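Engineer: So that you have it, the file is target_35.cif, and it contains mmCIF, C-alpha atoms:
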```
data_work
#
loop_
_atom_site.label_atom_id
_atom_site.label_comp_id
_atom_site.auth_asym_id
_atom_site.auth_seq_id
_atom_site.Cartn_x
_atom_site.Cartn_y
_atom_site.Cartn_z
CA MET I 169 105.42 160.39 177.15
CA SER I 170 101.72 160.76 176.35
CA LEU I 171 98.86 163.09 177.15
CA PRO I 172 97.00 162.37 180.43
CA SER I 173 94.46 159.59 179.97
CA HIS I 174 91.60 161.64 181.45
CA GLN I 175 92.30 164.43 178.97
CA ILE I 176 92.10 161.99 176.09
CA ARG I 177 88.89 160.42 177.40
CA ASN I 178 87.21 163.79 177.82
CA ALA I 179 88.35 164.91 174.36
CA ARG I 180 87.10 161.77 172.62
CA ARG I 181 83.75 161.99 174.41
CA HIS I 182 83.35 165.65 173.49
CA LEU I 183 84.32 165.20 169.85
CA ARG I 184 81.94 162.26 169.40
CA GLN I 185 79.06 164.27 170.86
CA CYS I 186 79.64 167.61 169.17
CA ASP I 187 80.14 166.62 165.53
CA PRO I 188 78.80 163.54 163.68
CA ILE I 189 81.63 163.60 161.15
CA MET I 190 84.19 163.78 163.92
CA ARG I 191 82.37 160.97 165.73
CA ASN I 192 82.76 158.72 162.69
CA LEU I 193 86.43 159.66 162.41
CA VAL I 194 87.13 159.00 166.09
CA ASP I 195 85.49 155.58 165.82
CA ALA I 196 87.33 154.71 162.61
CA VAL I 197 90.79 155.73 163.83
CA GLY I 198 90.45 154.42 167.37
CA PRO I 199 92.52 155.32 170.44
CA VAL I 200 94.71 158.40 170.51
CA ARG I 201 98.42 157.63 170.16
CA LEU I 202 99.79 161.15 170.33
CA LYS I 203 103.30 161.01 171.80
CA LEU I 204 104.88 164.06 173.37
CA ARG I 205 108.47 165.13 172.78
CA PRO I 206 109.34 166.91 176.03
CA ARG I 207 112.89 168.03 175.14
CA ARG I 208 112.10 171.57 174.14
CA PHE I 209 115.30 172.63 172.41
CA GLN I 210 115.62 169.37 170.52
CA MET I 211 112.00 169.65 169.37
CA LEU I 212 112.68 173.07 167.85
CA VAL I 213 115.87 171.85 166.18
CA ALA I 214 114.00 168.92 164.62
CA SER I 215 111.20 171.23 163.46
CA ILE I 216 113.63 173.58 161.74
CA ILE I 217 115.46 170.71 160.05
CA ALA I 218 112.19 169.22 158.77
CA GLN I 219 110.88 172.39 157.14
CA GLN I 220 109.95 172.03 153.45
CA ILE I 221 111.56 168.63 152.94
CA SER I 222 110.18 165.10 152.92
CA THR I 223 109.91 163.00 156.04
CA ALA I 224 112.55 160.59 154.75
CA ALA I 225 115.01 163.39 154.00
CA ALA I 226 114.42 164.99 157.41
CA ARG I 227 115.06 161.70 159.21
CA SER I 228 118.27 161.14 157.29
CA ILE I 229 119.55 164.64 158.06
CA ARG I 230 118.57 164.34 161.73
CA ARG I 231 120.52 161.09 162.04
CA ARG I 232 123.62 162.70 160.58
CA PHE I 233 123.14 165.81 162.70
CA ASP I 234 122.70 163.73 165.87
CA ARG I 235 126.02 162.03 165.14
CA LEU I 236 127.59 165.44 164.70
CA VAL I 237 126.44 166.62 168.14
CA ALA I 238 126.72 163.27 169.95
CA PRO I 239 126.51 162.31 172.70
CA GLY I 240 123.25 163.53 174.21
CA GLY I 241 121.67 165.27 171.25
CA PRO I 242 121.69 168.96 170.30
CA THR I 243 121.93 171.67 172.93
CA ALA I 244 122.24 175.42 172.56
CA GLN I 245 125.86 175.24 173.72
CA LYS I 246 126.74 172.58 171.16
CA LEU I 247 125.06 174.43 168.29
CA ALA I 248 126.79 177.66 169.21
CA GLY I 249 130.11 175.86 168.77
CA LEU I 250 129.35 174.55 165.28
CA THR I 251 130.31 176.29 162.09
CA ALA I 252 128.00 176.58 159.09
CA GLU I 253 130.35 174.21 157.25
CA GLN I 254 129.97 171.57 159.96
CA MET I 255 126.19 171.85 159.79
CA ARG I 256 126.27 171.57 156.01
CA SER I 257 128.30 168.37 156.33
CA ALA I 258 125.21 166.86 157.99
CA GLY I 259 123.02 167.95 155.08
CA ILE I 260 121.65 171.15 156.61
CA SER I 261 121.20 173.99 154.13
CA PRO I 262 122.96 177.32 154.70
CA GLN I 263 119.60 178.96 155.43
CA LYS I 264 118.65 176.39 158.07
CA ALA I 265 122.16 176.54 159.53
CA GLY I 266 121.48 180.24 160.08
CA TYR I 267 118.15 179.47 161.71
CA LEU I 268 119.74 176.93 164.07
CA ALA I 269 122.52 179.36 164.97
CA ASP I 270 119.93 182.03 165.71
CA LEU I 271 117.95 179.60 167.87
CA ALA I 272 121.07 178.74 169.89
CA ASP I 273 122.02 182.41 170.25
CA LYS I 274 118.56 183.50 171.43
CA VAL I 275 118.28 180.64 173.92
CA LEU I 276 121.76 181.27 175.36
CA SER I 277 121.14 185.01 175.61
CA GLY I 278 117.80 184.50 177.33
CA THR I 279 115.84 186.19 174.56
CA VAL I 280 113.87 182.96 174.13
CA ARG I 281 113.08 181.49 177.55
CA LEU I 282 112.46 177.82 176.92
CA ARG I 283 112.46 176.99 180.63
CA ALA I 284 109.58 179.43 181.17
CA VAL I 285 107.27 178.52 178.30
CA GLY I 286 105.41 175.93 180.37
CA ARG I 287 104.02 178.78 182.48
CA MET I 288 102.96 180.87 179.48
CA SER I 289 99.66 180.98 177.63
CA ASP I 290 99.50 179.52 174.13
CA ASP I 291 99.68 182.97 172.53
CA GLU I 292 102.61 183.94 174.75
CA VAL I 293 104.49 180.77 173.75
CA ILE I 294 103.94 181.58 170.08
CA ASP I 295 105.17 185.15 170.57
CA GLU I 296 108.23 183.84 172.42
CA LEU I 297 109.21 181.30 169.77
CA ILE I 298 108.63 183.36 166.61
CA GLN I 299 111.47 185.62 167.72
CA VAL I 300 113.74 182.92 166.24
CA LYS I 301 114.50 183.18 162.54
CA GLY I 302 112.78 180.36 160.68
CA VAL I 303 110.25 179.70 163.43
CA GLY I 304 106.76 180.76 162.39
CA ILE I 305 103.31 180.30 163.85
CA TRP I 306 102.94 176.75 162.45
CA THR I 307 106.21 175.60 164.05
CA ALA I 308 105.19 177.22 167.33
CA GLN I 309 101.82 175.44 167.18
CA MET I 310 103.55 172.10 166.62
CA PHE I 311 105.65 172.89 169.70
CA LEU I 312 102.49 173.60 171.70
CA ILE I 313 100.96 170.29 170.63
CA PHE I 314 103.84 167.84 170.57
CA CYS I 315 106.16 169.30 173.20
CA LEU I 316 103.94 171.04 175.74
CA GLY I 317 100.82 168.93 175.18
CA ARG I 318 98.48 171.92 175.12
CA PRO I 319 94.88 170.68 174.72
CA ASP I 320 93.24 173.29 172.47
CA VAL I 321 95.58 174.04 169.56
CA PHE I 322 94.18 174.15 166.02
CA PRO I 323 96.81 174.71 163.28
CA HIS I 324 94.41 175.95 160.63
CA ASP I 325 97.17 176.63 158.08
CA ASP I 326 98.53 173.08 158.19
CA LEU I 327 98.16 171.43 154.78
CA GLY I 328 97.29 168.02 156.23
CA ILE I 329 94.57 169.57 158.40
CA ARG I 330 93.08 171.55 155.52
CA GLN I 331 93.14 168.55 153.18
CA ALA I 332 91.48 166.36 155.81
CA ILE I 333 88.71 168.91 156.37
CA LYS I 334 88.16 169.19 152.62
CA ASN I 335 87.86 165.40 152.30
CA LEU I 336 85.76 164.73 155.39
CA TYR I 337 83.36 167.65 154.97
CA GLN I 338 83.17 167.22 151.19
CA LEU I 339 84.28 170.74 150.34
CA GLU I 340 85.04 171.76 146.78
CA GLU I 341 88.27 173.53 147.74
CA LEU I 342 90.70 173.63 150.63
CA PRO I 343 89.14 175.66 153.45
CA ASP I 344 90.50 179.09 154.30
CA LYS I 345 91.08 180.24 157.86
CA SER I 346 87.54 181.51 158.34
CA GLU I 347 85.94 178.29 157.15
CA SER I 348 88.37 176.12 159.13
CA ASP I 349 87.80 178.12 162.29
CA GLY I 350 84.04 177.86 161.84
CA LEU I 351 84.13 174.08 161.44
CA SER I 352 86.52 173.66 164.35
CA ALA I 353 84.54 175.81 166.80
CA PRO I 354 82.49 172.87 168.17
CA TRP I 355 85.69 170.92 168.88
CA ARG I 356 86.85 173.44 171.48
CA PRO I 357 88.40 173.08 174.02
CA HIS I 358 89.82 169.85 172.56
CA ALA I 359 91.13 171.08 169.21
CA THR I 360 94.49 169.35 169.70
CA ILE I 361 92.95 165.87 169.75
CA ALA I 362 90.65 166.83 166.88
CA SER I 363 93.70 167.90 164.88
CA TRP I 364 95.42 164.60 165.63
CA TYR I 365 92.40 162.72 164.30
CA LEU I 366 92.36 164.87 161.17
CA TRP I 367 96.02 164.01 160.50
CA ARG I 368 95.27 160.34 161.05
CA SER I 369 92.37 160.45 158.58
CA HIS I 370 94.94 160.37 155.78
CA ASP I 371 95.99 156.91 156.91
CA LEU I 372 92.44 155.61 156.56
CA LYS I 373 92.15 156.52 152.90
CA SER I 374 95.82 156.07 151.99
CA ALA I 375 95.78 159.66 150.86
CA VAL I 376 99.54 159.93 151.24
CA THR I 377 101.07 158.49 148.11
CA ASP I 378 104.64 159.69 148.60
CA ASP I 379 106.88 160.51 151.53
CA THR I 380 105.77 164.13 151.86
CA ASP I 381 105.04 164.95 155.48
CA VAL I 382 101.41 166.12 155.37
CA TYR I 383 101.02 165.46 159.08
CA PRO I 384 103.74 165.81 161.69
CA CYS I 385 103.41 162.68 163.81
#
```
Using the file provided, produce a representation of the structure as structure tokens.

Structural biologist:
Amino acid sequence: MSLPSHQIRNARRHLRQCDPIMRNLVDAVGPVRLKLRPRRFQMLVASIIAQQISTAAARSIRRRFDRLVAPGGPTAQKLAGLTAEQMRSAGISPQKAGYLADLADKVLSGTVRLRAVGRMSDDEVIDELIQVKGVGIWTAQMFLIFCLGRPDVFPHDDLGIRQAIKNLYQLEELPDKSESDGLSAPWRPHATIASWYLWRSHDLKSAVTDDTDVYPC
């Protein structure tokens, strides 16, 4: 599942017109290949599992975890029935097992209303999701981008985004929130596509030299 083609066209046109550096990046990277992950609960589970570990490690753990909850992938009901020991057998740390259990509990109790988030504003979605232990603003922003396909999300704290801005705009240091927000202002209301291009800029210069996940897609 992808973003609507007209949304992508409008975003690319806007970004090329509003910022010469972004125009060069858009031309160098080419078409947008941002794929959505519409299964909301599974997206949050994968995000929690992937926190603070390499991409390769996260994939390995997800494969083992998927076998544990097969068939059909993780659901709140399935997670609620797992013990911490069962989760650890799939490679999930005790802390993340607690986060996953809290996610399942809050979804089943209706504290977190995943079925309703599509009707919420971006800020309301973030407020809804950060009720879960282990889910912060960055994780909620990734959910907005990759699950809900919201068009104007700019995760200014993301390391890959900050490193890309530093490289492309030839800054001496990683930008702080104020500097990042200032540079991103012209990209509105298409900050999501701009962010995708910033993540992809690492591919162009082979900036990723190990399997650390500096960009999430």

Engineer: Applied to this file, what does the PyMOL selection byres ((chain I and resi 194) around 12) return in terms of residues, put as a VMD selection string?

Structural biologist: chain I and resid 176 to 177 179 to 193 195 to 200 361 to 369 372

Engineer: Between I:Ile333, I:Leu271, I:Leu312, I:Ala252, single out the one closest to Val293 (chain I), counting all atoms listed in the file.

Structural biologist: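 Among I:Ile333, I:Leu271, I:Leu312, I:Ala252, it is I:Leu312 that comes nearest to Val293 (chain I).
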
Engineer: Could you tell me, as a list in words, exactly which residues end up selected when the PyMOL selection byres ((chain I and resi 273) around 12) is applied to this structure?

Structural biologist: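 Applied to this file, the PyMOL selection byres ((chain I and resi 273) around 12) selects Thr243, Ala244, Gln245, Lys246, Leu247, Ala248, Gly249, Leu250, Gly266, Tyr267, Leu268, Ala269, Asp270, Leu271, Ala272, Lys274, Val275, Leu276, Ser277, Gly278, Thr279, Val280, Arg281, Gln299, Val300 and Lys301 of chain I.
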
Engineer: Assuming the chain letters and numbering stay as they are in my file, what does the PyMOL selection byres ((chain I and resi 256-265) around 9) actually select? List them as a list in words.

Structural biologist: Ile216, Ile217, Gln219, Ser228, Ile229, Arg230, Arg231, Arg232, Phe233, Asp234, Arg235, Leu236, Thr251, Ala252, Glu253, Gln254, Met255, Gly266, Tyr267, Leu268, Ala269, Asp270 and Gly302 of chain I

Engineer: For the selection just defined, write its residues with C-alpha atoms to a file, as a compact mmCIF listing (two decimals), keeping the file's coordinate frame.

Structural biologist:
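Output file again.txt follows:
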```txt
# COMPACT_ATOMS: atom_id res chain seq x y z
CA ILE I 216 113.63 173.58 161.74
CA ILE I 217 115.46 170.71 160.05
CA GLN I 219 110.88 172.39 157.14
CA SER I 228 118.27 161.14 157.29
CA ILE I 229 119.55 164.64 158.06
CA ARG I 230 118.57 164.34 161.73
CA ARG I 231 120.52 161.09 162.04
CA ARG I 232 123.62 162.70 160.58
CA PHE I 233 123.14 165.81 162.70
CA ASP I 234 122.70 163.73 165.87
CA ARG I 235 126.02 162.03 165.14
CA LEU I 236 127.59 165.44 164.70
CA THR I 251 130.31 176.29 162.09
CA ALA I 252 128.00 176.58 159.09
CA GLU I 253 130.35 174.21 157.25
CA GLN I 254 129.97 171.57 159.96
CA MET I 255 126.19 171.85 159.79
CA GLY I 266 121.48 180.24 160.08
CA TYR I 267 118.15 179.47 161.71
CA LEU I 268 119.74 176.93 164.07
CA ALA I 269 122.52 179.36 164.97
CA ASP I 270 119.93 182.03 165.71
CA GLY I 302 112.78 180.36 160.68
```

Engineer: Axis-aligned box over every listed atom of region 218-231 of chain I, padded by 5 Å per side: centre and edges in Å to one decimal, as JSON?

Structural biologist:
```
{"center_x": 115.2, "center_y": 166.5, "center_z": 157.5, "size_x": 20.6, "size_y": 21.8, "size_z": 19.1}
```

Engineer: In Å, with one decimal, what is the gap from CA of Phe311 (chain I) to CA of Asp371 (chain I)?

Structural biologist: 22.6 Å

Engineer: Rank nothing, just name the residue among I:Lys203, I:Arg227, I:Arg287, I:Lys334 nearest to Ser215 (chain I), using only C-alpha atoms.

Structural biologist: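 Once distances to Ser215 (chain I) are computed over only C-alpha atoms, the minimum belongs to I:Arg227.
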
Engineer: Just how far from CA of Ala359 (chain I) is CA of Leu282 (chain I), in Å to one decimal?

Structural biologist: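 Between CA of Leu282 (chain I) and CA of Ala359 (chain I) the gap works out to 23.7 Å.
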
Engineer: Please report the interatomic distance between CA of Pro354 (chain I) and CA of Arg318 (chain I) in Å with one decimal.

Structural biologist: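 Between CA of Pro354 (chain I) and CA of Arg318 (chain I) the gap works out to 17.5 Å.
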
Engineer: Taking the point (101.2, 171.8, 173.2) as given in the file, collect each protein or nucleic acid residue that comes within 10 Å of it, counting all atoms listed in the file, and present the set as a list in words.

Structural biologist: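 Answer for this query, in the requested form: Leu171, Leu204, Arg205, Pro206, Gly286, Asp290, Val293, Ala308, Gln309, Met310, Phe311, Leu312, Ile313, Phe314, Cys315, Leu316, Gly317, Arg318, Pro319, Asp320, Val321 and Thr360 of chain I.
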
Engineer: Would you list the residues near (87.1, 175.8, 160.2), meaning any protein, DNA or RNA residue with an atom at most 12 Å from that point in file coordinates, counting all atoms listed in the file, as a ChimeraX atom specification?

Structural biologist: /I:322-326,329-334,337,339,342-356,359,362-363

Engineer: Give me region 329-345 of chain I with N, CA and C atoms filled in, as a tab-separated table (two decimals), in the coordinates of the input.

Structural biologist:
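Ended up saving to result04.tsv:
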```tsv
chain	number	residue	atom	x	y	z
I	329	ILE	N	95.84	169.23	157.75
I	329	ILE	CA	94.57	169.57	158.40
I	329	ILE	C	93.57	170.06	157.36
I	330	ARG	N	94.00	170.97	156.51
I	330	ARG	CA	93.08	171.55	155.52
I	330	ARG	C	92.61	170.48	154.52
I	331	GLN	N	93.52	169.59	154.12
I	331	GLN	CA	93.14	168.55	153.18
I	331	GLN	C	92.16	167.58	153.83
I	332	ALA	N	92.39	167.25	155.10
I	332	ALA	CA	91.48	166.36	155.81
I	332	ALA	C	90.09	166.96	155.93
I	333	ILE	N	90.02	168.25	156.27
I	333	ILE	CA	88.71	168.91	156.37
I	333	ILE	C	88.01	168.91	155.02
I	334	LYS	N	88.75	169.20	153.96
I	334	LYS	CA	88.16	169.19	152.62
I	334	LYS	C	87.57	167.82	152.31
I	335	ASN	N	88.32	166.75	152.60
I	335	ASN	CA	87.86	165.40	152.30
I	335	ASN	C	86.66	165.00	153.16
I	336	LEU	N	86.78	165.22	154.46
I	336	LEU	CA	85.76	164.73	155.39
I	336	LEU	C	84.45	165.51	155.28
I	337	TYR	N	84.56	166.81	155.03
I	337	TYR	CA	83.36	167.65	154.97
I	337	TYR	C	82.92	167.91	153.53
I	338	GLN	N	83.55	167.20	152.60
I	338	GLN	CA	83.17	167.22	151.19
I	338	GLN	C	83.10	168.64	150.63
I	339	LEU	N	84.18	169.39	150.86
I	339	LEU	CA	84.28	170.74	150.34
I	339	LEU	C	84.85	170.72	148.92
I	340	GLU	N	84.53	171.69	148.15
I	340	GLU	CA	85.04	171.76	146.78
I	340	GLU	C	86.50	172.19	146.75
I	341	GLU	N	86.91	173.02	147.70
I	341	GLU	CA	88.27	173.53	147.74
I	341	GLU	C	88.81	173.42	149.17
I	342	LEU	N	90.10	173.58	149.30
I	342	LEU	CA	90.70	173.63	150.63
I	342	LEU	C	90.11	174.79	151.42
I	343	PRO	N	89.76	174.58	152.67
I	343	PRO	CA	89.14	175.66	153.45
I	343	PRO	C	90.15	176.75	153.80
I	344	ASP	N	89.65	178.00	153.83
I	344	ASP	CA	90.50	179.09	154.30
I	344	ASP	C	90.39	179.17	155.82
I	345	LYS	N	91.06	180.14	156.41
I	345	LYS	CA	91.08	180.24	157.86
I	345	LYS	C	89.68	180.40	158.44
```
